[in-house]
Amino acid sequence: MNAIVLAAQAAQGGGGMSMLLMMLAIFAIMWFFMIRPQQKRQKEIRQFQNSIAEGTKVVTGGGIYGIVKRVNIADNTVEVEIARGVVITVDKSYVFANAASQTPNA
């Protein structure tokens, strides 16, 4: 009986290193398929937000399409015209996309 227990323990002894390698492999896969693409997307969004100029068609975080009428750098806000004569002020960090590259489902 003791021989069976000792054999099982010996077989299990090398399992710690393989478990560590498995965990590292899972982390690497998650990094390349989830974390890295998200970081690249956030960098693209920040670059777009910093390059917003008057006349740019944008989509806000709330899904409102409009055209940028004025950029206030001091307050970090953007005035967006959503309809003829209707202008709203939106925080620059909530303007996510260029509407010219997207089409609404209407």
# chains A, B, ... in the order shown; residues from 1 in each chain; ligands from 1

call {"tool": "residues_around", "arguments": {"residues": "A:Thr77", "least_positions_apart": "3", "cutoff": "12 Å", "atoms": "only C-alpha atoms", "output": "list in words"}}
result
Gln49, Asn50, Ile52, Ala53, Thr60, Val68, Lys69, Arg70, Val71, Asn72, Ile73, Ala74, Val80, Ile88, Thr89, Val90, Asp91, Lys92, Ser93, Tyr94 and Val95 of chain A

call {"tool": "write_last_selection", "arguments": {"atoms": "C-alpha atoms", "output": "compact mmCIF listing (two decimals), in the first residue's frame"}}
result
# COMPACT_ATOMS: atom_id res chain seq x y z
CA GLN A 49 -9.79 62.82 -29.59
CA ASN A 50 -6.63 64.92 -29.74
CA ILE A 52 -10.70 66.63 -33.42
CA ALA A 53 -11.20 69.83 -35.41
CA THR A 60 -20.55 60.68 -28.82
CA VAL A 68 -18.06 69.53 -34.34
CA LYS A 69 -18.68 73.28 -34.33
CA ARG A 70 -16.10 74.37 -31.77
CA VAL A 71 -13.33 72.81 -29.70
CA ASN A 72 -12.59 74.40 -26.32
CA ILE A 73 -9.12 73.25 -25.30
CA ALA A 74 -9.17 75.06 -21.94
CA VAL A 80 -21.43 69.36 -31.41
CA ILE A 88 -24.70 70.54 -27.35
CA THR A 89 -21.52 70.70 -25.30
CA VAL A 90 -19.82 67.36 -24.75
CA ASP A 91 -16.70 66.47 -22.81
CA LYS A 92 -13.93 65.70 -25.30
CA SER A 93 -13.25 62.31 -23.70
CA TYR A 94 -16.81 61.17 -24.61
CA VAL A 95 -16.34 61.66 -28.33

call {"tool": "select_by_dssp", "arguments": {"residues": "stretch 8-73 of chain A", "states": "strand (DSSP E or B)", "output": "list of chain:residue names"}}
result
A:Lys57, A:Val58, A:Val59, A:Thr60, A:Tyr65, A:Gly66, A:Ile67, A:Val68, A:Lys69, A:Arg70, A:Val71, A:Asn72

call {"tool": "closest_residue", "arguments": {"among": "A:Ile45, A:Leu20, A:Ile67, A:Ile29", "to": "A:Arg84", "atoms": "only C-alpha atoms"}}
result
A:Ile67

call {"tool": "atom_distance", "arguments": {"atom1": "atom CA of A:Met34", "atom2": "atom CA of A:Arg46"}}
result
18.8 Å

call {"tool": "closest_residue", "arguments": {"among": "A:Ser18, A:Gln39, A:Asn98, A:Asn76", "to": "A:Val58", "atoms": "only C-alpha atoms"}}
result
A:Asn98
